Amino acid sequence: MPKKKKSIEEKTLWPDAARMLDKAEKDGVETAWDRLEQQTPHCKFCQTGLTCRNCTMGPCQIRKNAPLGVCGADADVIVARNFGRFVAGGSAGHSDHGRDCIEALHSVALGKSTDYSIKDEAKLLRIARELGIAVEGKGVSEVALELSDLFFADFGSRQHEVSFLVRVPEKRKKLWNELGITPRGVDREIAEMMHRTHMGCDNDAPNLMLHSARTCLADGWAGSMIATEISDILFGTPKPGKSKVNLGVIQEDMVNILVHGHNPIVSEKVLEAVNDPEMISLAREKGAKGINLAGLCCTGNELMMRQGIPLAGNHLMTELAIVTGAVELIVVDYQCIMPSLVTAGNCYHTKMVTTADKARFTGAEHVPFDMHNASHQARKLVQTAVEGFSRRDSSRVEIPQGPMEMITGFSNEAILEALGGTPGPLIEAIKAGKIRGAAAIVGCNNPKYRQDYGNVNLAKELIKRDILVLVTGCVTSAVGKAGLLMPEAADEAGAGLHEICKALGVPPVLHMGSCVDNARILQLAGILANELGVDISDLPLAGSSPEWYSEKAAAIGTYCVASGIFTHLGHPPNITGSETVTNLALSGLESLVGASFGIEPDPFKAAEMIDERITSKRKGLGL
Ligand code: BF8
Ligand code: SF4
């Protein structure tokens with residue numbers, strides 16, 4: 001049967017994306033949606049997790065007439081091993097990003113890097129104290145050095161818990177100890193996962209799943225949390241402020257530079273170079289009005305949270321941003337960067353530049369960034385972009401207009417400040433039922449879904465039910481484009497949430513940052529649980545990733561569940577080939593860690609699922 005082609009309407013919720021999809025077709029640019037069609041139908045064995053390539057006696061596929069791999073591994077073991085490696089990949093991504101942040105802090109502390117500095121000394125001292133470092137009588141550099149050494153140790157062969165477990169309620173820590181899943185060194189848990197999944201090691205699916213939980217906890221409560229906290233120390237802790245979102249942030253009369261990837265270490269330097277008067281006059285000499293910087297995906301979230309830099313879009317907008325024909329340069333670091341961007345760029349005059357030695361793309365120019373050359377390299381890049389402006393073909397430029405306004409910058413510090421310094425008023429609002437609970441909607445786009453349909457509709461449904469929504473990562477762009485990140489969106493919320501938002505002047509959906517910043521949400525959950533003297537699993541909280549695609553998103557979901565937060569996913573990971581693993585994920589984990597996953601592609605039914613959970617948790621608390 002011939003495959004049915006999806007209409008543009010079925011591919012995306014957005015007018016800006018639809019216009020660019022139409023243009024891409026005319027310009028002959030292939031997108032992720034086209035390649036998905038070519039890849040469909042997918043391999044059923046891979047989709048259900050029933051293939052194993054872990055040794056050369058195989059590869060093996062589990063079928064009815066071949067229920068065991070050559071080594072004797074069954075479906076449960078193979079699925080659990082594959083899932084373990086999948087989330088180890090995600091944990092490695094977030095955490096290696098965290099390690100790069102530690103290296104930056106360490107280099108600043110030693111005075112070796114003049115390209116970076118400590119912007120939030122108060123936060124540095126606060127975190128050092130929180131983690132047991134004596135700060136009295138010490139200089140900032142000395143404290144930064146001790147803190148970076150402590151964080152390096154969090155990545156190593158720790159025998160005891162990672163440092164930020166001081167933020168975890170005692171009940172939860174006891175539970176993790178009893179289950180043997182207290183996260184130790186970040187690298188240790190990831191390496192151990194690779195070891196356990198080697199042929200002939202951990203051949204017990206539930207035991208493997210427990211180590212998956214431990215590996216992901218090391219990501220959430222160490223790798224990601226360290227990335228977030230150091231980024232705040234180096235670049236400033238986010239405060240509420242205005243910004244804009246959608247492809248309309250690209251400007252026709254300016255040199256346009258997009259930053260894409262994750263670590264603010266690169267994008268912050270590009271921002272500095274863009275603001276350099278010398279660069280601006282160079283751009284004017286070339287006939288441009290100036291230089292415009294916009295972000296994509298998580299590094300876009302980082303720049304937006306701290307500096308108010310506009311966001312051009314999320315994962316599925318990255319190719320479409322190039323299709324505007326008005327982007328001179330796209331600078332990337334790592335993660336979630338489609339290799340197709342090089343090809344898309346070649347269809348126009350857009351140059352793609354890579355900056356990390358660990359993330360190079362064939363066909364892109366490589367301009368490596370390190371602690372000692374970042375400012376210089378960033379200026380070089382901006383200069384390249386300016387030179388590219390004269391190569392732009394104006395007849396091929398088409399930019400969707402009308403960016404949406406949004407409020408960003410809700411770090412925990414900012415939230416607590418808005419509440420008068422303590423979580424008390426938030427707890428009171430929850431007790432009074434004005435805010436019935438909170439749900440974090442996080443993660444990606446996936447061309448298997450109508451882009452952002454799930455992300456936006458779930459957020460709308462939840463706020464109607466007086467459930468405060470927290471967003472990070474690629475969901476930011478979705479809800480931002482839908483207008484939900486503006487205080488006026490309180491009018492779409494239920495009466496209770498509406499009242500609180502109006503009183504505080506905040507939107508019913510709060511932007512908390514990039515994907516590593518999900519650690520901020522973990523921290524907030526810890527603060528609320530500690531304040532109430534309960535476990536995180538007792539709180540009326542939920543997580544959700546309606547349109548997830550990445551290993552990192554699966555790691556986030558797993559650390560959320562292992563931390564005690566029920567987590568909804570739009571579709572399951574590749575685990576359905578094992579009943580044992582699927583049952584464990586959907587219900588068995590409940591009795592172990594007090595939370596589990598829920599799978600539901602329809603955002604309206606997912607809202608129902610989350611609402612039920614929040615209602616039962618409220619009941620449990622006597623509310
Ligand atoms: O880490 S939300 S598509 S950009 S994986 Fe990637 Fe998903 Fe976006 Fe950031 Ni997170
Ligand atoms: Fe096959 Fe076992 Fe080797 Fe996997 S580890 S490829 S199941 S023989």
# chains A, B, ... in the order shown; residues from 1 in each chain; ligands from 1
call {"tool": "residues_around", "arguments": {"residues": "range 513-523 of chain A", "least_positions_apart": "5", "cutoff": "6 Å", "atoms": "only C-alpha atoms", "output": "list in words"}}
result
Gly220, Ser224, Met225, Thr228, Cys298, Asn301, Glu302, Thr472 and Gly473 of chain A
call {"tool": "residues_around", "arguments": {"residues": "Met305 in chain A", "least_positions_apart": "4", "cutoff": "9 Å", "atoms": "only C-alpha atoms", "output": "list of chain:residue names"}}
result
A:Thr237, A:Pro238, A:Lys239, A:Pro240, A:Gly241, A:Ser243, A:Gly300, A:Asn301, A:Ile309, A:Thr408, A:Gly409, A:Phe410, A:Ser411, A:His511, A:Met512, A:Gly513, A:Ser514
call {"tool": "closest_atom_pairs", "arguments": {"of": "chain A", "to": "ligand 2", "cutoff": "8 Å", "atoms": "only C-alpha atoms and all ligand atoms", "output": "Markdown table"}}
result
| residue | atom | partner | partner_atom_place_in_ligand_line | distance |
| --- | --- | --- | --- | --- |
| A:Thr51 | CA | ligand 2 | 7 (S) | 7.6 |
| A:Cys52 | CA | ligand 2 | 4 (Fe) | 4.3 |
| A:Arg53 | CA | ligand 2 | 6 (S) | 4.4 |
| A:Asn54 | CA | ligand 2 | 4 (Fe) | 4.6 |
| A:Cys55 | CA | ligand 2 | 3 (Fe) | 3.9 |
| A:Thr56 | CA | ligand 2 | 3 (Fe) | 5.8 |
| A:Met57 | CA | ligand 2 | 8 (S) | 4.7 |
| A:Gly58 | CA | ligand 2 | 6 (S) | 3.7 |
| A:Pro59 | CA | ligand 2 | 6 (S) | 4.2 |
| A:Cys60 | CA | ligand 2 | 1 (Fe) | 4.4 |
| A:Gln61 | CA | ligand 2 | 7 (S) | 7.6 |
| A:Leu68 | CA | ligand 2 | 7 (S) | 7.1 |
| A:Gly69 | CA | ligand 2 | 7 (S) | 3.9 |
| A:Val70 | CA | ligand 2 | 8 (S) | 4.1 |
| A:Cys71 | CA | ligand 2 | 8 (S) | 4.1 |
| A:Gly72 | CA | ligand 2 | 2 (Fe) | 6.3 |
| A:Ala73 | CA | ligand 2 | 7 (S) | 5.2 |
| A:Asp74 | CA | ligand 2 | 7 (S) | 7.5 |
| A:Ile78 | CA | ligand 2 | 7 (S) | 6.5 |
| A:His198 | CA | ligand 2 | 5 (S) | 7.1 |
| A:Met199 | CA | ligand 2 | 5 (S) | 4.6 |
| A:Gly200 | CA | ligand 2 | 5 (S) | 7.4 |
call {"tool": "residues_around", "arguments": {"residues": "Glu9 in chain A", "least_positions_apart": "5", "cutoff": "12 Å", "atoms": "only C-alpha atoms", "output": "list in words"}}
result
Trp14, Pro15, Asp16, Ala17, Ala18, Arg19, Leu21, Asp22, Tyr449, Arg450, Gln451 and Tyr453 of chain A
call {"tool": "residues_near_ligand", "arguments": {"ligand": "ligand 1", "cutoff": "6 Å", "atoms": "only C-alpha atoms and all ligand atoms", "output": "ChimeraX atom specification"}}
result
/A:297-298,315,336,443-445,473-474,515,550,552-553
call {"tool": "closest_residue", "arguments": {"among": "A:Val323, A:Leu124, A:Ile527, A:Ile291", "to": "Thr343 in chain A", "atoms": "only C-alpha atoms"}}
result
A:Val323
call {"tool": "select_by_dssp", "arguments": {"residues": "range 248-289 of chain A", "states": "alpha helix (DSSP H)", "output": "mmCIF file with all heavy atoms, in the first residue's frame"}}
result
data_model
loop_
_atom_site.group_PDB
_atom_site.id
_atom_site.type_symbol
_atom_site.label_atom_id
_atom_site.label_comp_id
_atom_site.auth_asym_id
_atom_site.auth_seq_id
_atom_site.Cartn_x
_atom_site.Cartn_y
_atom_site.Cartn_z
ATOM 1 N N PRO A 264 25.986 27.157 27.667
ATOM 2 C CA PRO A 264 26.110 28.619 27.510
ATOM 3 C C PRO A 264 27.556 29.095 27.397
ATOM 4 O O PRO A 264 27.803 30.252 27.074
ATOM 5 C CB PRO A 264 25.437 29.165 28.782
ATOM 6 C CG PRO A 264 25.455 28.052 29.766
ATOM 7 C CD PRO A 264 25.394 26.783 28.966
ATOM 8 N N ILE A 265 28.499 28.193 27.649
ATOM 9 C CA ILE A 265 29.911 28.592 27.593
ATOM 10 C C ILE A 265 30.273 29.138 26.209
ATOM 11 O O ILE A 265 31.069 30.074 26.085
ATOM 12 C CB ILE A 265 30.785 27.387 28.023
ATOM 13 C CG1 ILE A 265 30.683 27.288 29.547
ATOM 14 C CG2 ILE A 265 32.218 27.511 27.562
ATOM 15 C CD1 ILE A 265 31.506 26.241 30.189
ATOM 16 N N VAL A 266 29.670 28.579 25.164
ATOM 17 C CA VAL A 266 29.929 29.090 23.815
ATOM 18 C C VAL A 266 28.996 30.269 23.501
ATOM 19 O O VAL A 266 29.438 31.350 23.106
ATOM 20 C CB VAL A 266 29.763 27.967 22.759
ATOM 21 C CG1 VAL A 266 29.806 28.542 21.350
ATOM 22 C CG2 VAL A 266 30.853 26.912 22.938
ATOM 23 N N SER A 267 27.692 30.072 23.730
ATOM 24 C CA SER A 267 26.732 31.086 23.273
ATOM 25 C C SER A 267 26.894 32.425 24.001
ATOM 26 O O SER A 267 26.682 33.491 23.404
ATOM 27 C CB SER A 267 25.304 30.563 23.413
ATOM 28 O OG SER A 267 25.069 30.080 24.706
ATOM 29 N N GLU A 268 27.271 32.394 25.268
ATOM 30 C CA GLU A 268 27.470 33.659 25.999
ATOM 31 C C GLU A 268 28.594 34.476 25.371
ATOM 32 O O GLU A 268 28.535 35.708 25.340
ATOM 33 C CB GLU A 268 27.810 33.381 27.475
ATOM 34 C CG GLU A 268 26.613 32.947 28.313
ATOM 35 C CD GLU A 268 25.799 34.119 28.873
ATOM 36 O OE1 GLU A 268 26.254 35.273 28.782
ATOM 37 O OE2 GLU A 268 24.691 33.854 29.409
ATOM 38 N N LYS A 269 29.602 33.785 24.886
ATOM 39 C CA LYS A 269 30.730 34.500 24.259
ATOM 40 C C LYS A 269 30.326 35.069 22.904
ATOM 41 O O LYS A 269 30.740 36.158 22.518
ATOM 42 C CB LYS A 269 31.922 33.540 24.096
ATOM 43 C CG LYS A 269 32.632 33.238 25.396
ATOM 44 C CD LYS A 269 33.410 34.439 25.886
ATOM 45 C CE LYS A 269 33.019 34.779 27.305
ATOM 46 N NZ LYS A 269 33.750 35.890 27.882
ATOM 47 N N VAL A 270 29.493 34.312 22.178
ATOM 48 C CA VAL A 270 29.012 34.812 20.881
ATOM 49 C C VAL A 270 28.185 36.081 21.122
ATOM 50 O O VAL A 270 28.324 37.076 20.410
ATOM 51 C CB VAL A 270 28.186 33.732 20.135
ATOM 52 C CG1 VAL A 270 27.630 34.287 18.831
ATOM 53 C CG2 VAL A 270 29.042 32.494 19.860
ATOM 54 N N LEU A 271 27.387 36.063 22.177
ATOM 55 C CA LEU A 271 26.580 37.244 22.511
ATOM 56 C C LEU A 271 27.476 38.464 22.771
ATOM 57 O O LEU A 271 27.206 39.563 22.279
ATOM 58 C CB LEU A 271 25.704 36.944 23.738
ATOM 59 C CG LEU A 271 24.936 38.131 24.324
ATOM 60 C CD1 LEU A 271 23.947 38.704 23.316
ATOM 61 C CD2 LEU A 271 24.180 37.732 25.604
ATOM 62 N N GLU A 272 28.537 38.255 23.529
ATOM 63 C CA GLU A 272 29.450 39.372 23.817
ATOM 64 C C GLU A 272 30.023 39.951 22.527
ATOM 65 O O GLU A 272 30.078 41.164 22.338
ATOM 66 C CB GLU A 272 30.607 38.877 24.693
ATOM 67 C CG GLU A 272 30.351 39.037 26.175
ATOM 68 C CD GLU A 272 31.464 38.451 27.008
ATOM 69 O OE1 GLU A 272 32.657 38.525 26.606
ATOM 70 O OE2 GLU A 272 31.141 37.878 28.063
ATOM 71 N N ALA A 273 30.418 39.047 21.621
ATOM 72 C CA ALA A 273 31.028 39.508 20.366
ATOM 73 C C ALA A 273 30.002 40.251 19.493
ATOM 74 O O ALA A 273 30.335 41.219 18.821
ATOM 75 C CB ALA A 273 31.632 38.334 19.622
ATOM 76 N N VAL A 274 28.759 39.790 19.544
ATOM 77 C CA VAL A 274 27.698 40.433 18.756
ATOM 78 C C VAL A 274 27.479 41.875 19.228
ATOM 79 O O VAL A 274 27.160 42.763 18.443
ATOM 80 C CB VAL A 274 26.395 39.588 18.868
ATOM 81 C CG1 VAL A 274 25.172 40.389 18.514
ATOM 82 C CG2 VAL A 274 26.490 38.354 17.988
ATOM 83 N N PRO A 277 31.009 46.968 19.651
ATOM 84 C CA PRO A 277 30.768 48.083 18.713
ATOM 85 C C PRO A 277 31.552 47.943 17.408
ATOM 86 O O PRO A 277 31.067 48.315 16.340
ATOM 87 C CB PRO A 277 31.227 49.320 19.500
ATOM 88 C CG PRO A 277 31.254 48.899 20.931
ATOM 89 C CD PRO A 277 31.434 47.428 20.982
ATOM 90 N N GLU A 278 32.748 47.381 17.512
ATOM 91 C CA GLU A 278 33.573 47.213 16.300
ATOM 92 C C GLU A 278 32.873 46.276 15.305
ATOM 93 O O GLU A 278 32.867 46.505 14.098
ATOM 94 C CB GLU A 278 34.909 46.603 16.727
ATOM 95 C CG GLU A 278 36.055 46.942 15.798
ATOM 96 C CD GLU A 278 37.328 46.258 16.282
ATOM 97 O OE1 GLU A 278 37.703 46.472 17.462
ATOM 98 O OE2 GLU A 278 37.887 45.472 15.517
ATOM 99 N N MET A 279 32.270 45.213 15.843
ATOM 100 C CA MET A 279 31.569 44.245 14.992
ATOM 101 C C MET A 279 30.308 44.888 14.384
ATOM 102 O O MET A 279 29.989 44.671 13.225
ATOM 103 C CB MET A 279 31.139 43.011 15.811
ATOM 104 C CG MET A 279 32.283 42.192 16.314
ATOM 105 S SD MET A 279 33.122 41.372 14.950
ATOM 106 C CE MET A 279 34.775 41.398 15.556
ATOM 107 N N ILE A 280 29.657 45.709 15.211
ATOM 108 C CA ILE A 280 28.429 46.342 14.726
ATOM 109 C C ILE A 280 28.751 47.311 13.579
ATOM 110 O O ILE A 280 28.075 47.320 12.550
ATOM 111 C CB ILE A 280 27.673 47.052 15.882
ATOM 112 C CG1 ILE A 280 27.246 45.996 16.917
ATOM 113 C CG2 ILE A 280 26.457 47.820 15.370
ATOM 114 C CD1 ILE A 280 26.710 46.539 18.219
ATOM 115 N N SER A 281 29.842 48.071 13.732
ATOM 116 C CA SER A 281 30.149 49.001 12.631
ATOM 117 C C SER A 281 30.602 48.238 11.386
ATOM 118 O O SER A 281 30.322 48.660 10.263
ATOM 119 C CB SER A 281 31.144 50.097 13.041
ATOM 120 O OG SER A 281 32.228 49.557 13.667
ATOM 121 N N LEU A 282 31.237 47.110 11.575
ATOM 122 C CA LEU A 282 31.607 46.255 10.435
ATOM 123 C C LEU A 282 30.350 45.805 9.685
ATOM 124 O O LEU A 282 30.296 45.833 8.451
ATOM 125 C CB LEU A 282 32.352 45.029 10.991
ATOM 126 C CG LEU A 282 33.339 44.330 10.071
ATOM 127 C CD1 LEU A 282 34.496 45.250 9.743
ATOM 128 C CD2 LEU A 282 33.878 43.069 10.775
ATOM 129 N N ALA A 283 29.332 45.437 10.461
ATOM 130 C CA ALA A 283 28.071 45.002 9.849
ATOM 131 C C ALA A 283 27.434 46.154 9.076
ATOM 132 O O ALA A 283 26.896 45.959 7.976
ATOM 133 C CB ALA A 283 27.119 44.501 10.935
ATOM 134 N N ARG A 284 27.531 47.355 9.649
ATOM 135 C CA ARG A 284 26.936 48.521 8.973
ATOM 136 C C ARG A 284 27.668 48.818 7.663
ATOM 137 O O ARG A 284 27.039 49.170 6.662
ATOM 138 C CB ARG A 284 26.956 49.728 9.909
ATOM 139 C CG ARG A 284 25.997 49.487 11.077
ATOM 140 C CD ARG A 284 25.580 50.755 11.774
ATOM 141 N NE ARG A 284 24.617 50.404 12.806
ATOM 142 C CZ ARG A 284 24.716 50.756 14.084
ATOM 143 N NH1 ARG A 284 25.734 51.497 14.495
ATOM 144 N NH2 ARG A 284 23.791 50.371 14.946
ATOM 145 N N GLU A 285 28.985 48.652 7.704
ATOM 146 C CA GLU A 285 29.763 48.852 6.468
ATOM 147 C C GLU A 285 29.284 47.930 5.352
ATOM 148 O O GLU A 285 29.342 48.262 4.183
ATOM 149 C CB GLU A 285 31.246 48.536 6.728
ATOM 150 C CG GLU A 285 32.038 49.693 7.276
ATOM 151 C CD GLU A 285 33.398 49.232 7.789
ATOM 152 O OE1 GLU A 285 33.985 48.308 7.192
ATOM 153 O OE2 GLU A 285 33.839 49.785 8.815
#
call {"tool": "residues_around", "arguments": {"residues": "Ala109 in chain A", "least_positions_apart": "6", "cutoff": "10 Å", "atoms": "only C-alpha atoms", "output": "VMD selection string"}}
result
chain A and resid 103 116 to 118 140 to 148
call {"tool": "write_last_selection", "arguments": {"atoms": "N, CA and C atoms", "output": "PDB file, in the first residue's frame"}}
result
ATOM      1  N   GLU A 103      35.006  22.457  34.422  1.00  0.00           N
ATOM      2  CA  GLU A 103      36.325  22.841  33.903  1.00  0.00           C
ATOM      3  C   GLU A 103      36.419  24.350  33.735  1.00  0.00           C
ATOM      4  N   TYR A 116      36.412  34.103  30.953  1.00  0.00           N
ATOM      5  CA  TYR A 116      35.215  33.889  31.776  1.00  0.00           C
ATOM      6  C   TYR A 116      35.452  34.477  33.157  1.00  0.00           C
ATOM      7  N   SER A 117      34.367  34.752  33.877  1.00  0.00           N
ATOM      8  CA  SER A 117      34.516  35.259  35.247  1.00  0.00           C
ATOM      9  C   SER A 117      33.307  34.813  36.063  1.00  0.00           C
ATOM     10  N   ILE A 118      33.372  35.074  37.354  1.00  0.00           N
ATOM     11  CA  ILE A 118      32.252  34.690  38.210  1.00  0.00           C
ATOM     12  C   ILE A 118      31.284  35.871  38.311  1.00  0.00           C
ATOM     13  N   VAL A 140      37.135  34.632  46.767  1.00  0.00           N
ATOM     14  CA  VAL A 140      36.197  34.013  45.820  1.00  0.00           C
ATOM     15  C   VAL A 140      36.878  32.893  45.030  1.00  0.00           C
ATOM     16  N   SER A 141      38.123  33.145  44.588  1.00  0.00           N
ATOM     17  CA  SER A 141      38.811  32.147  43.761  1.00  0.00           C
ATOM     18  C   SER A 141      39.062  30.877  44.550  1.00  0.00           C
ATOM     19  N   GLU A 142      39.419  31.057  45.808  1.00  0.00           N
ATOM     20  CA  GLU A 142      39.717  29.890  46.642  1.00  0.00           C
ATOM     21  C   GLU A 142      38.459  29.021  46.814  1.00  0.00           C
ATOM     22  N   VAL A 143      37.342  29.696  47.069  1.00  0.00           N
ATOM     23  CA  VAL A 143      36.083  28.969  47.224  1.00  0.00           C
ATOM     24  C   VAL A 143      35.712  28.277  45.904  1.00  0.00           C
ATOM     25  N   ALA A 144      35.879  29.000  44.788  1.00  0.00           N
ATOM     26  CA  ALA A 144      35.539  28.432  43.475  1.00  0.00           C
ATOM     27  C   ALA A 144      36.395  27.204  43.194  1.00  0.00           C
ATOM     28  N   LEU A 145      37.650  27.260  43.619  1.00  0.00           N
ATOM     29  CA  LEU A 145      38.544  26.121  43.401  1.00  0.00           C
ATOM     30  C   LEU A 145      38.080  24.911  44.211  1.00  0.00           C
ATOM     31  N   GLU A 146      37.750  25.163  45.476  1.00  0.00           N
ATOM     32  CA  GLU A 146      37.288  24.047  46.326  1.00  0.00           C
ATOM     33  C   GLU A 146      35.983  23.462  45.799  1.00  0.00           C
ATOM     34  N   LEU A 147      35.102  24.359  45.350  1.00  0.00           N
ATOM     35  CA  LEU A 147      33.811  23.878  44.839  1.00  0.00           C
ATOM     36  C   LEU A 147      34.019  23.064  43.557  1.00  0.00           C
ATOM     37  N   SER A 148      34.901  23.547  42.676  1.00  0.00           N
ATOM     38  CA  SER A 148      35.100  22.779  41.436  1.00  0.00           C
ATOM     39  C   SER A 148      35.756  21.441  41.745  1.00  0.00           C
TER      40      SER A 148
END
call {"tool": "atom_distance", "arguments": {"atom1": "CA of Pro487 in chain A", "atom2": "CA of Asp232 in chain A"}}
result
24.9 Å
call {"tool": "residues_around", "arguments": {"residues": "Ala542 in chain A", "least_positions_apart": "3", "cutoff": "7 Å", "atoms": "only C-alpha atoms", "output": "mmCIF file with all heavy atoms, in the first residue's frame"}}
result
data_model
loop_
_atom_site.group_PDB
_atom_site.id
_atom_site.type_symbol
_atom_site.label_atom_id
_atom_site.label_comp_id
_atom_site.auth_asym_id
_atom_site.auth_seq_id
_atom_site.Cartn_x
_atom_site.Cartn_y
_atom_site.Cartn_z
ATOM 1 N N ALA A 438 1.435 20.934 40.660
ATOM 2 C CA ALA A 438 2.287 21.463 39.590
ATOM 3 C C ALA A 438 2.727 20.331 38.682
ATOM 4 O O ALA A 438 2.931 19.199 39.136
ATOM 5 C CB ALA A 438 3.498 22.171 40.180
ATOM 6 N N ALA A 439 2.849 20.663 37.408
ATOM 7 C CA ALA A 439 3.334 19.673 36.442
ATOM 8 C C ALA A 439 4.428 20.297 35.595
ATOM 9 O O ALA A 439 4.283 21.431 35.125
ATOM 10 C CB ALA A 439 2.192 19.204 35.544
ATOM 11 N N ALA A 440 5.517 19.558 35.454
ATOM 12 C CA ALA A 440 6.607 20.022 34.592
ATOM 13 C C ALA A 440 6.414 19.398 33.221
ATOM 14 O O ALA A 440 6.365 18.171 33.109
ATOM 15 C CB ALA A 440 7.942 19.603 35.186
ATOM 16 N N ILE A 565 8.346 11.227 41.282
ATOM 17 C CA ILE A 565 7.376 12.049 40.536
ATOM 18 C C ILE A 565 6.800 11.243 39.368
ATOM 19 O O ILE A 565 7.551 10.814 38.474
ATOM 20 C CB ILE A 565 8.053 13.338 40.011
ATOM 21 C CG1 ILE A 565 8.662 14.136 41.173
ATOM 22 C CG2 ILE A 565 7.055 14.194 39.223
ATOM 23 C CD1 ILE A 565 9.546 15.298 40.751
ATOM 24 N N PHE A 566 5.476 11.053 39.368
ATOM 25 C CA PHE A 566 4.795 10.368 38.268
ATOM 26 C C PHE A 566 5.111 11.104 36.962
ATOM 27 O O PHE A 566 5.045 12.331 36.902
ATOM 28 C CB PHE A 566 3.279 10.382 38.510
ATOM 29 C CG PHE A 566 2.476 9.977 37.307
ATOM 30 C CD1 PHE A 566 2.332 8.635 36.995
ATOM 31 C CD2 PHE A 566 1.879 10.931 36.482
ATOM 32 C CE1 PHE A 566 1.603 8.245 35.866
ATOM 33 C CE2 PHE A 566 1.154 10.553 35.361
ATOM 34 C CZ PHE A 566 1.014 9.210 35.056
ATOM 35 N N THR A 567 5.450 10.362 35.920
ATOM 36 C CA THR A 567 5.859 11.001 34.671
ATOM 37 C C THR A 567 5.111 10.449 33.472
ATOM 38 O O THR A 567 5.137 9.236 33.217
ATOM 39 C CB THR A 567 7.390 10.847 34.474
ATOM 40 O OG1 THR A 567 8.034 11.507 35.572
ATOM 41 C CG2 THR A 567 7.860 11.487 33.184
ATOM 42 N N ILE A 610 -2.861 13.041 34.591
ATOM 43 C CA ILE A 610 -2.061 13.842 35.525
ATOM 44 C C ILE A 610 -2.966 14.411 36.625
ATOM 45 O O ILE A 610 -2.618 14.425 37.807
ATOM 46 C CB ILE A 610 -1.317 14.967 34.756
ATOM 47 C CG1 ILE A 610 -0.198 14.324 33.919
ATOM 48 C CG2 ILE A 610 -0.772 16.038 35.691
ATOM 49 C CD1 ILE A 610 0.492 15.249 32.943
#
call {"tool": "residues_around", "arguments": {"residues": "Met20 in chain A", "least_positions_apart": "2", "cutoff": "12 Å", "atoms": "only C-alpha atoms", "output": "ChimeraX atom specification"}}
result
/A:8,11-12,14-18,22-31,246-248,316-325,396-401
call {"tool": "closest_residue", "arguments": {"among": "A:Gly93, A:Pro169, A:Ile575, A:Gly402", "to": "Ala359 in chain A", "atoms": "only C-alpha atoms"}}
result
A:Gly93
call {"tool": "residues_around", "arguments": {"residues": "range 346-353 of chain A", "least_positions_apart": "4", "cutoff": "8 Å", "atoms": "only C-alpha atoms", "output": "ChimeraX atom specification"}}
result
/A:27,29,322-323,325-332,341-342,364-367,385,388,391-393
call {"tool": "atom_distance", "arguments": {"atom1": "CA of Leu150 in chain A", "atom2": "CA of Thr197 in chain A"}}
result
29.3 Å
call {"tool": "closest_residue", "arguments": {"among": "A:Gly598, A:Gly89, A:Gly290, A:Gly308", "to": "Gly543 in chain A", "atoms": "only C-alpha atoms"}}
result
A:Gly598
call {"tool": "atom_distance", "arguments": {"atom1": "CA of Pro540 in chain A", "atom2": "CA of Thr615 in chain A"}}
result
7.3 Å
call {"tool": "closest_residue", "arguments": {"among": "A:Glu161, A:Asp333, A:Ile599, A:Glu531", "to": "Lys173 in chain A", "atoms": "only C-alpha atoms"}}
result
A:Glu161
call {"tool": "closest_residue", "arguments": {"among": "A:Ala213, A:Leu528, A:Ala205, A:Leu510", "to": "Ala414 in chain A", "atoms": "only C-alpha atoms"}}
result
A:Leu510
call {"tool": "select_by_dssp", "arguments": {"residues": "range 262-304 of chain A", "states": "strand (DSSP E)", "output": "mmCIF file with C-alpha atoms, in the first residue's frame"}}
result
data_model
loop_
_atom_site.group_PDB
_atom_site.id
_atom_site.type_symbol
_atom_site.label_atom_id
_atom_site.label_comp_id
_atom_site.auth_asym_id
_atom_site.auth_seq_id
_atom_site.Cartn_x
_atom_site.Cartn_y
_atom_site.Cartn_z
ATOM 1 C CA ILE A 291 23.805 42.080 14.143
ATOM 2 C CA ASN A 292 20.920 40.007 15.430
ATOM 3 C CA LEU A 293 21.469 36.987 17.658
ATOM 4 C CA ALA A 294 18.757 34.419 18.314
ATOM 5 C CA GLY A 295 18.768 31.020 19.958
ATOM 6 C CA LEU A 296 17.550 27.549 19.117
#
call {"tool": "closest_residue", "arguments": {"among": "A:Glu170, A:Glu405, A:Asp34, A:Asp204", "to": "Ser477 in chain A", "atoms": "only C-alpha atoms"}}
result
A:Glu405
